[in-house]
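Enquirer: I have a structure I would like to understand better, so I am pasting it below and will then ask my questions one at a time.
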Amino acid sequence: MQWSSYICLVQSVADFGFQHLYFPDNTGYFNVDPATLFGTDPVKSLLAAQNLGTLRPVAPAYISANRYDTFNPYEASQNLARDWCGKGADVQLWTNEEPPFLNKASINTLLPYFVDGERSMQWVADRFNGLPTTPNCGEVPAPQPA
């Protein structure tokens, strides 16, 4: 745990990316199934209290997400956009459609920063230059039934 507190994402992937978090025989990183741990209190309540979707941004918001990101699920970005749009916020959700590639190495997490970086920086520059936003709340798909 101490080692992971000061290493970069690339080193984290190299050290932990191909490891299992949990095995019932306690040979993983957790001795309790993480789904159980995160699904019960106090952890569940602590995570719920940090849900950004419960707030309304006071400035325009730009969310850039890769549809096939294995680390940051696309559905979470859609949910956040939908929550903020439902509160009347000015939101633009940009979807990077880079197909799944080397998922265990988090390529779909990292590469969009480089591919979409210019688009994202231009969006911020446009706000500083007083240009109008292009919210797309009406295009954010409804949640899929479970």
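Residue numbering restarts at 1 for every chain of the structure tokens, chains are lettered A, B, ... in their displayed order, and ligands are numbered from 1 as they appear.
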Hey, what does DSSP flag as alpha helix (DSSP H) within stretch 114-146 of chain A? Can you give it to me as a ChimeraX atom specification?

Expert: /A:114-115,117-128

Enquirer: Any chance you could export the current selection's all heavy atoms as a compact mmCIF listing (two decimals), in the first residue's frame?

Expert:
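And here is the file that came out, part_2.txt:
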# COMPACT_ATOMS: atom_id res chain seq x y z
N PHE A 114 -4.00 11.56 -25.00
CA PHE A 114 -3.16 12.07 -26.08
C PHE A 114 -3.99 12.35 -27.34
O PHE A 114 -3.80 13.36 -27.99
CB PHE A 114 -2.03 11.08 -26.39
CG PHE A 114 -1.14 10.83 -25.21
CD1 PHE A 114 -1.30 9.68 -24.45
CD2 PHE A 114 -0.19 11.76 -24.83
CE1 PHE A 114 -0.48 9.46 -23.35
CE2 PHE A 114 0.62 11.55 -23.73
CZ PHE A 114 0.47 10.39 -22.98
N VAL A 115 -4.91 11.46 -27.65
CA VAL A 115 -5.72 11.59 -28.86
C VAL A 115 -6.70 12.76 -28.73
O VAL A 115 -6.89 13.53 -29.67
CB VAL A 115 -6.48 10.27 -29.14
CG1 VAL A 115 -7.45 10.43 -30.29
CG2 VAL A 115 -5.49 9.15 -29.40
N GLY A 117 -6.59 15.18 -26.28
CA GLY A 117 -6.06 16.29 -25.49
C GLY A 117 -6.28 17.64 -26.14
O GLY A 117 -6.69 18.60 -25.49
N GLU A 118 -6.02 17.73 -27.43
CA GLU A 118 -6.17 19.01 -28.12
C GLU A 118 -7.63 19.46 -28.12
O GLU A 118 -7.94 20.64 -27.88
CB GLU A 118 -5.67 18.90 -29.56
CG GLU A 118 -5.68 20.22 -30.29
CD GLU A 118 -5.06 20.13 -31.67
OE1 GLU A 118 -4.39 19.13 -31.98
OE2 GLU A 118 -5.27 21.08 -32.44
N ARG A 119 -8.55 18.52 -28.35
CA ARG A 119 -9.99 18.84 -28.33
C ARG A 119 -10.38 19.37 -26.95
O ARG A 119 -11.09 20.36 -26.83
CB ARG A 119 -10.80 17.59 -28.65
CG ARG A 119 -12.30 17.76 -28.47
CD ARG A 119 -13.03 16.43 -28.55
NE ARG A 119 -12.69 15.64 -29.69
CZ ARG A 119 -13.21 15.78 -30.91
NH1 ARG A 119 -14.14 16.69 -31.13
NH2 ARG A 119 -12.82 15.02 -31.91
N SER A 120 -9.91 18.72 -25.91
CA SER A 120 -10.25 19.12 -24.54
C SER A 120 -9.67 20.49 -24.20
O SER A 120 -10.35 21.33 -23.60
CB SER A 120 -9.76 18.08 -23.55
OG SER A 120 -10.34 16.82 -23.81
N MET A 121 -8.41 20.72 -24.59
CA MET A 121 -7.79 22.03 -24.32
C MET A 121 -8.50 23.14 -25.11
O MET A 121 -8.64 24.25 -24.60
CB MET A 121 -6.30 21.98 -24.65
CG MET A 121 -5.51 21.14 -23.67
SD MET A 121 -3.72 21.19 -23.92
CE MET A 121 -3.57 20.38 -25.50
N GLN A 122 -8.95 22.82 -26.32
CA GLN A 122 -9.67 23.82 -27.12
C GLN A 122 -10.99 24.17 -26.45
O GLN A 122 -11.40 25.33 -26.44
CB GLN A 122 -9.91 23.31 -28.54
CG GLN A 122 -10.54 24.36 -29.45
CD GLN A 122 -9.64 25.56 -29.62
OE1 GLN A 122 -8.49 25.44 -30.01
NE2 GLN A 122 -10.15 26.75 -29.30
N TRP A 123 -11.66 23.18 -25.86
CA TRP A 123 -12.92 23.43 -25.16
C TRP A 123 -12.69 24.41 -24.01
O TRP A 123 -13.45 25.36 -23.82
CB TRP A 123 -13.52 22.11 -24.65
CG TRP A 123 -14.90 22.27 -24.10
CD1 TRP A 123 -16.08 22.15 -24.77
CD2 TRP A 123 -15.25 22.59 -22.75
NE1 TRP A 123 -17.14 22.38 -23.94
CE2 TRP A 123 -16.66 22.65 -22.68
CE3 TRP A 123 -14.53 22.83 -21.59
CZ2 TRP A 123 -17.34 22.94 -21.51
CZ3 TRP A 123 -15.20 23.12 -20.42
CH2 TRP A 123 -16.60 23.17 -20.38
N VAL A 124 -11.61 24.19 -23.24
CA VAL A 124 -11.30 25.09 -22.13
C VAL A 124 -10.94 26.48 -22.66
O VAL A 124 -11.43 27.49 -22.14
CB VAL A 124 -10.15 24.51 -21.26
CG1 VAL A 124 -9.68 25.52 -20.24
CG2 VAL A 124 -10.59 23.22 -20.59
N ALA A 125 -10.12 26.54 -23.71
CA ALA A 125 -9.75 27.84 -24.29
C ALA A 125 -10.98 28.60 -24.77
O ALA A 125 -11.09 29.82 -24.59
CB ALA A 125 -8.75 27.63 -25.43
N ASP A 126 -11.92 27.88 -25.38
CA ASP A 126 -13.16 28.52 -25.84
C ASP A 126 -13.93 29.15 -24.69
O ASP A 126 -14.55 30.21 -24.84
CB ASP A 126 -14.05 27.52 -26.57
CG ASP A 126 -13.50 27.12 -27.93
OD1 ASP A 126 -12.55 27.77 -28.43
OD2 ASP A 126 -14.03 26.13 -28.50
N ARG A 127 -13.92 28.52 -23.51
CA ARG A 127 -14.62 29.09 -22.36
C ARG A 127 -13.94 30.39 -21.94
O ARG A 127 -14.59 31.38 -21.64
CB ARG A 127 -14.63 28.11 -21.16
CG ARG A 127 -15.25 26.73 -21.42
CD ARG A 127 -16.70 26.69 -21.84
NE ARG A 127 -17.04 27.20 -23.14
CZ ARG A 127 -16.87 26.55 -24.32
NH1 ARG A 127 -16.38 25.35 -24.35
NH2 ARG A 127 -17.21 27.13 -25.46
N PHE A 128 -12.60 30.40 -21.91
CA PHE A 128 -11.88 31.62 -21.55
C PHE A 128 -12.09 32.72 -22.58
O PHE A 128 -12.03 33.90 -22.24
CB PHE A 128 -10.38 31.33 -21.38
CG PHE A 128 -10.04 30.71 -20.06
CD1 PHE A 128 -9.72 29.36 -19.98
CD2 PHE A 128 -10.05 31.46 -18.89
CE1 PHE A 128 -9.41 28.78 -18.76
CE2 PHE A 128 -9.75 30.89 -17.67
CZ PHE A 128 -9.42 29.55 -17.61

Enquirer: Please provide the set of residues having any atom within 9 Å of stretch 48-56 of chain A, restricted to only C-alpha atoms, with same-chain residues fewer than 3 positions apart removed, written as a list of chain:residue names.

Expert: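 The neighbour list is A:Val43, A:Lys44, A:Ser45, A:Ala59, A:Asn79, A:Leu80, A:Ala81, A:Arg82, A:Asp83, A:Trp84, A:Cys85, A:Lys87, A:Gly88, A:Ala89.
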
Enquirer: For the residues in that selection, give me all heavy atoms as a JSON list (two decimals), in the first residue's frame.

Expert:
[["chain", "number", "residue", "atom", "x", "y", "z"],
["A", 43, "VAL", "N", -18.18, 1.60, 3.99],
["A", 43, "VAL", "CA", -17.59, 1.97, 2.71],
["A", 43, "VAL", "C", -18.65, 2.42, 1.70],
["A", 43, "VAL", "O", -18.48, 3.43, 1.02],
["A", 43, "VAL", "CB", -16.74, 0.80, 2.14],
["A", 43, "VAL", "CG1", -16.17, 1.16, 0.78],
["A", 43, "VAL", "CG2", -15.63, 0.44, 3.11],
["A", 44, "LYS", "N", -19.76, 1.73, 1.62],
["A", 44, "LYS", "CA", -20.82, 2.07, 0.68],
["A", 44, "LYS", "C", -21.31, 3.50, 0.91],
["A", 44, "LYS", "O", -21.47, 4.28, -0.03],
["A", 44, "LYS", "CB", -21.97, 1.08, 0.81],
["A", 44, "LYS", "CG", -23.09, 1.31, -0.16],
["A", 44, "LYS", "CD", -24.18, 0.26, 0.00],
["A", 44, "LYS", "CE", -25.32, 0.50, -0.95],
["A", 44, "LYS", "NZ", -26.38, -0.50, -0.79],
["A", 45, "SER", "N", -21.54, 3.88, 2.14],
["A", 45, "SER", "CA", -22.01, 5.24, 2.46],
["A", 45, "SER", "C", -20.94, 6.29, 2.16],
["A", 45, "SER", "O", -21.26, 7.39, 1.69],
["A", 45, "SER", "CB", -22.41, 5.33, 3.93],
["A", 45, "SER", "OG", -23.51, 4.51, 4.18],
["A", 59, "ALA", "N", -20.54, 25.96, -13.53],
["A", 59, "ALA", "CA", -19.92, 26.37, -14.80],
["A", 59, "ALA", "C", -20.14, 25.25, -15.81],
["A", 59, "ALA", "O", -20.49, 24.13, -15.44],
["A", 59, "ALA", "CB", -18.43, 26.62, -14.58],
["A", 79, "ASN", "N", -23.63, 8.33, -16.74],
["A", 79, "ASN", "CA", -24.47, 8.60, -15.56],
["A", 79, "ASN", "C", -24.20, 9.99, -15.01],
["A", 79, "ASN", "O", -25.14, 10.71, -14.64],
["A", 79, "ASN", "CB", -24.23, 7.56, -14.47],
["A", 79, "ASN", "CG", -24.77, 6.20, -14.83],
["A", 79, "ASN", "OD1", -25.61, 6.06, -15.72],
["A", 79, "ASN", "ND2", -24.28, 5.17, -14.16],
["A", 80, "LEU", "N", -22.92, 10.37, -14.94],
["A", 80, "LEU", "CA", -22.58, 11.70, -14.42],
["A", 80, "LEU", "C", -23.16, 12.78, -15.33],
["A", 80, "LEU", "O", -23.78, 13.74, -14.85],
["A", 80, "LEU", "CB", -21.07, 11.86, -14.31],
["A", 80, "LEU", "CG", -20.57, 13.20, -13.79],
["A", 80, "LEU", "CD1", -21.12, 13.48, -12.39],
["A", 80, "LEU", "CD2", -19.04, 13.23, -13.79],
["A", 81, "ALA", "N", -23.00, 12.62, -16.64],
["A", 81, "ALA", "CA", -23.57, 13.59, -17.57],
["A", 81, "ALA", "C", -25.09, 13.67, -17.41],
["A", 81, "ALA", "O", -25.67, 14.76, -17.36],
["A", 81, "ALA", "CB", -23.20, 13.22, -19.01],
["A", 82, "ARG", "N", -25.73, 12.53, -17.32],
["A", 82, "ARG", "CA", -27.19, 12.47, -17.18],
["A", 82, "ARG", "C", -27.63, 13.14, -15.86],
["A", 82, "ARG", "O", -28.59, 13.91, -15.84],
["A", 82, "ARG", "CB", -27.65, 11.02, -17.23],
["A", 82, "ARG", "CG", -29.06, 10.82, -17.63],
["A", 82, "ARG", "CD", -29.48, 9.38, -17.87],
["A", 82, "ARG", "NE", -28.58, 8.33, -17.45],
["A", 82, "ARG", "CZ", -27.71, 7.69, -18.25],
["A", 82, "ARG", "NH1", -27.60, 8.01, -19.50],
["A", 82, "ARG", "NH2", -26.95, 6.73, -17.77],
["A", 83, "ASP", "N", -26.91, 12.85, -14.77],
["A", 83, "ASP", "CA", -27.25, 13.46, -13.48],
["A", 83, "ASP", "C", -27.13, 14.98, -13.54],
["A", 83, "ASP", "O", -28.01, 15.70, -13.08],
["A", 83, "ASP", "CB", -26.34, 12.92, -12.36],
["A", 83, "ASP", "CG", -26.62, 11.47, -12.00],
["A", 83, "ASP", "OD1", -27.68, 10.94, -12.40],
["A", 83, "ASP", "OD2", -25.77, 10.86, -11.32],
["A", 84, "TRP", "N", -26.03, 15.46, -14.10],
["A", 84, "TRP", "CA", -25.81, 16.91, -14.19],
["A", 84, "TRP", "C", -26.81, 17.56, -15.14],
["A", 84, "TRP", "O", -27.33, 18.63, -14.84],
["A", 84, "TRP", "CB", -24.38, 17.21, -14.61],
["A", 84, "TRP", "CG", -23.37, 17.07, -13.51],
["A", 84, "TRP", "CD1", -23.63, 16.88, -12.18],
["A", 84, "TRP", "CD2", -21.97, 17.10, -13.65],
["A", 84, "TRP", "NE1", -22.45, 16.81, -11.48],
["A", 84, "TRP", "CE2", -21.41, 16.94, -12.36],
["A", 84, "TRP", "CE3", -21.11, 17.25, -14.72],
["A", 84, "TRP", "CZ2", -20.04, 16.93, -12.13],
["A", 84, "TRP", "CZ3", -19.75, 17.24, -14.49],
["A", 84, "TRP", "CH2", -19.22, 17.09, -13.21],
["A", 85, "CYS", "N", -27.08, 16.89, -16.26],
["A", 85, "CYS", "CA", -28.08, 17.44, -17.20],
["A", 85, "CYS", "C", -29.45, 17.52, -16.52],
["A", 85, "CYS", "O", -30.17, 18.50, -16.70],
["A", 85, "CYS", "CB", -28.17, 16.55, -18.44],
["A", 85, "CYS", "SG", -26.74, 16.69, -19.55],
["A", 87, "LYS", "N", -30.05, 18.17, -13.58],
["A", 87, "LYS", "CA", -30.05, 19.29, -12.64],
["A", 87, "LYS", "C", -29.95, 20.63, -13.38],
["A", 87, "LYS", "O", -29.78, 21.67, -12.76],
["A", 87, "LYS", "CB", -28.91, 19.13, -11.64],
["A", 87, "LYS", "CG", -29.10, 17.96, -10.69],
["A", 87, "LYS", "CD", -27.89, 17.79, -9.80],
["A", 87, "LYS", "CE", -28.08, 16.74, -8.73],
["A", 87, "LYS", "NZ", -28.88, 15.61, -9.03],
["A", 88, "GLY", "N", -30.03, 20.57, -14.72],
["A", 88, "GLY", "CA", -30.00, 21.80, -15.50],
["A", 88, "GLY", "C", -28.62, 22.33, -15.82],
["A", 88, "GLY", "O", -28.48, 23.48, -16.23],
["A", 89, "ALA", "N", -27.60, 21.52, -15.67],
["A", 89, "ALA", "CA", -26.23, 21.98, -15.94],
["A", 89, "ALA", "C", -25.95, 21.99, -17.44],
["A", 89, "ALA", "O", -26.60, 21.30, -18.22],
["A", 89, "ALA", "CB", -25.23, 21.07, -15.22]]

Enquirer: Considering only C-alpha atoms, return as a VMD selection string whatever protein or nucleic-acid residues lie within 12 Å of A:Gly17, sequence-local ones (same chain, fewer than 6 positions apart) excluded.

Expert: chain A and resid 9 to 11 70 to 71 102 to 107

Enquirer: Would you pick out the contacts of stretch 139-144 of chain A at 10 Å or less, using only C-alpha atoms, so that residues sharing its chain but fewer than 2 positions from it are not included, and give the list as a PyMOL selection string?

Expert: chain A and resi 75+77-79+81-82+85+91-94+135-137+146

Enquirer: Okay, now the selection with N, CA and C atoms, as a tab-separated table (two decimals), in the first residue's frame?

Expert:
chain	number	residue	atom	x	y	z
A	75	GLU	N	-20.13	3.87	-18.69
A	75	GLU	CA	-21.45	4.06	-18.08
A	75	GLU	C	-21.39	5.08	-16.95
A	77	SER	N	-19.44	7.72	-16.81
A	77	SER	CA	-19.41	9.04	-17.44
A	77	SER	C	-20.79	9.42	-17.95
A	78	GLN	N	-21.48	8.47	-18.54
A	78	GLN	CA	-22.85	8.73	-19.00
A	78	GLN	C	-23.76	9.09	-17.82
A	79	ASN	N	-23.63	8.33	-16.74
A	79	ASN	CA	-24.47	8.60	-15.56
A	79	ASN	C	-24.20	9.99	-15.01
A	81	ALA	N	-23.00	12.62	-16.64
A	81	ALA	CA	-23.57	13.59	-17.57
A	81	ALA	C	-25.09	13.67	-17.41
A	82	ARG	N	-25.73	12.53	-17.32
A	82	ARG	CA	-27.19	12.47	-17.18
A	82	ARG	C	-27.63	13.14	-15.86
A	85	CYS	N	-27.08	16.89	-16.26
A	85	CYS	CA	-28.08	17.44	-17.20
A	85	CYS	C	-29.45	17.52	-16.52
A	91	VAL	N	-23.72	20.71	-20.02
A	91	VAL	CA	-22.80	19.57	-20.08
A	91	VAL	C	-22.58	19.14	-21.52
A	92	GLN	N	-21.33	18.87	-21.85
A	92	GLN	CA	-21.01	18.23	-23.12
A	92	GLN	C	-20.25	16.94	-22.82
A	93	LEU	N	-20.81	15.82	-23.27
A	93	LEU	CA	-20.17	14.51	-23.13
A	93	LEU	C	-19.54	14.16	-24.48
A	94	TRP	N	-18.21	14.00	-24.49
A	94	TRP	CA	-17.50	13.58	-25.69
A	94	TRP	C	-17.14	12.11	-25.53
A	135	PRO	N	-23.77	22.17	-25.40
A	135	PRO	CA	-24.21	21.05	-24.57
A	135	PRO	C	-24.94	20.01	-25.42
A	136	ASN	N	-24.81	18.76	-25.03
A	136	ASN	CA	-25.48	17.68	-25.77
A	136	ASN	C	-26.26	16.76	-24.83
A	137	CYS	N	-26.92	17.35	-23.85
A	137	CYS	CA	-27.69	16.57	-22.88
A	137	CYS	C	-28.73	15.68	-23.56
A	146	ALA	N	-31.01	-3.19	-16.10
A	146	ALA	CA	-30.08	-4.21	-15.61
A	146	ALA	C	-30.59	-5.61	-15.85

Enquirer: For A:Ala61, which of A:Glu98, A:Asp116, A:Asp90, A:Asp33 is the closest residue, counting only C-alpha atoms?

Expert: A:Asp90

Enquirer: Find, counting only C-alpha atoms, the residue in A:Thr36, A:Asn108, A:Ser12, A:Thr95 that gets nearest to A:Tyr68.

Expert: A:Asn108

Enquirer: So, counting only C-alpha atoms, which residue among A:Asn26, A:Thr40, A:Asn96, A:Gln2 is closest to A:Ile63?

Expert: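 Of A:Asn26, A:Thr40, A:Asn96, A:Gln2, the one nearest A:Ile63 is A:Asn96, counting only C-alpha atoms.
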
Enquirer: Going by DSSP on the backbone, which bits of stretch 85-129 of chain A are strand (DSSP E or B)? Write them as a compact mmCIF listing (two decimals) with all heavy atoms, in the first residue's frame, please.

Expert:
# COMPACT_ATOMS: atom_id res chain seq x y z
N VAL A 91 -23.72 20.71 -20.02
CA VAL A 91 -22.80 19.57 -20.08
C VAL A 91 -22.58 19.14 -21.52
O VAL A 91 -23.52 19.04 -22.30
CB VAL A 91 -23.36 18.36 -19.29
CG1 VAL A 91 -22.43 17.16 -19.38
CG2 VAL A 91 -23.62 18.74 -17.85
N GLN A 92 -21.33 18.87 -21.85
CA GLN A 92 -21.01 18.23 -23.12
C GLN A 92 -20.25 16.94 -22.82
O GLN A 92 -19.20 16.96 -22.19
CB GLN A 92 -20.15 19.13 -24.01
CG GLN A 92 -19.85 18.47 -25.35
CD GLN A 92 -19.06 19.35 -26.28
OE1 GLN A 92 -18.73 20.49 -25.98
NE2 GLN A 92 -18.73 18.82 -27.45
N LEU A 93 -20.81 15.82 -23.27
CA LEU A 93 -20.17 14.51 -23.13
C LEU A 93 -19.54 14.16 -24.48
O LEU A 93 -20.23 14.08 -25.49
CB LEU A 93 -21.18 13.44 -22.74
CG LEU A 93 -20.68 11.99 -22.74
CD1 LEU A 93 -19.58 11.78 -21.70
CD2 LEU A 93 -21.83 11.02 -22.49
N TRP A 94 -18.21 14.00 -24.49
CA TRP A 94 -17.50 13.58 -25.69
C TRP A 94 -17.14 12.11 -25.53
O TRP A 94 -16.56 11.71 -24.51
CB TRP A 94 -16.22 14.40 -25.89
CG TRP A 94 -15.32 13.78 -26.91
CD1 TRP A 94 -14.16 13.12 -26.68
CD2 TRP A 94 -15.54 13.72 -28.33
NE1 TRP A 94 -13.63 12.67 -27.86
CE2 TRP A 94 -14.47 13.02 -28.89
CE3 TRP A 94 -16.54 14.20 -29.17
CZ2 TRP A 94 -14.36 12.78 -30.25
CZ3 TRP A 94 -16.44 13.96 -30.52
CH2 TRP A 94 -15.35 13.27 -31.05
N THR A 95 -17.47 11.32 -26.54
CA THR A 95 -17.19 9.89 -26.50
C THR A 95 -16.08 9.54 -27.47
O THR A 95 -16.21 9.75 -28.68
CB THR A 95 -18.45 9.07 -26.86
OG1 THR A 95 -19.49 9.43 -25.96
CG2 THR A 95 -18.18 7.59 -26.76
N ASN A 96 -14.97 9.03 -26.93
CA ASN A 96 -13.88 8.52 -27.75
C ASN A 96 -14.22 7.08 -28.09
O ASN A 96 -14.49 6.28 -27.20
CB ASN A 96 -12.57 8.61 -26.96
CG ASN A 96 -11.41 7.98 -27.71
OD1 ASN A 96 -11.40 6.79 -27.97
ND2 ASN A 96 -10.42 8.79 -28.02

Enquirer: Find the residue from A:Gln19, A:Ser5, A:Asn31, A:Asn72 that sits nearest to A:Pro112; use only C-alpha atoms when measuring.

Expert: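 Closest residue, counting only C-alpha atoms: A:Asn72.
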
Enquirer: Which residue out of A:Pro73, A:Pro42, A:Gly130, A:Gly138 has the minimum interatomic distance to A:Gly86 when only C-alpha atoms are used?

Expert: A:Gly138

Enquirer: Please, what distance in Å, to one decimal, runs between atom CA of A:Thr109 and atom CA of A:Phe30?

Expert: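 Going from atom CA of A:Thr109 over to atom CA of A:Phe30 covers 23.9 Å.
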
Enquirer: Between A:Asp41, A:Ala65, A:Ala35, A:Cys8, single out the one closest to A:Leu21, counting only C-alpha atoms.

Expert: A:Ala35
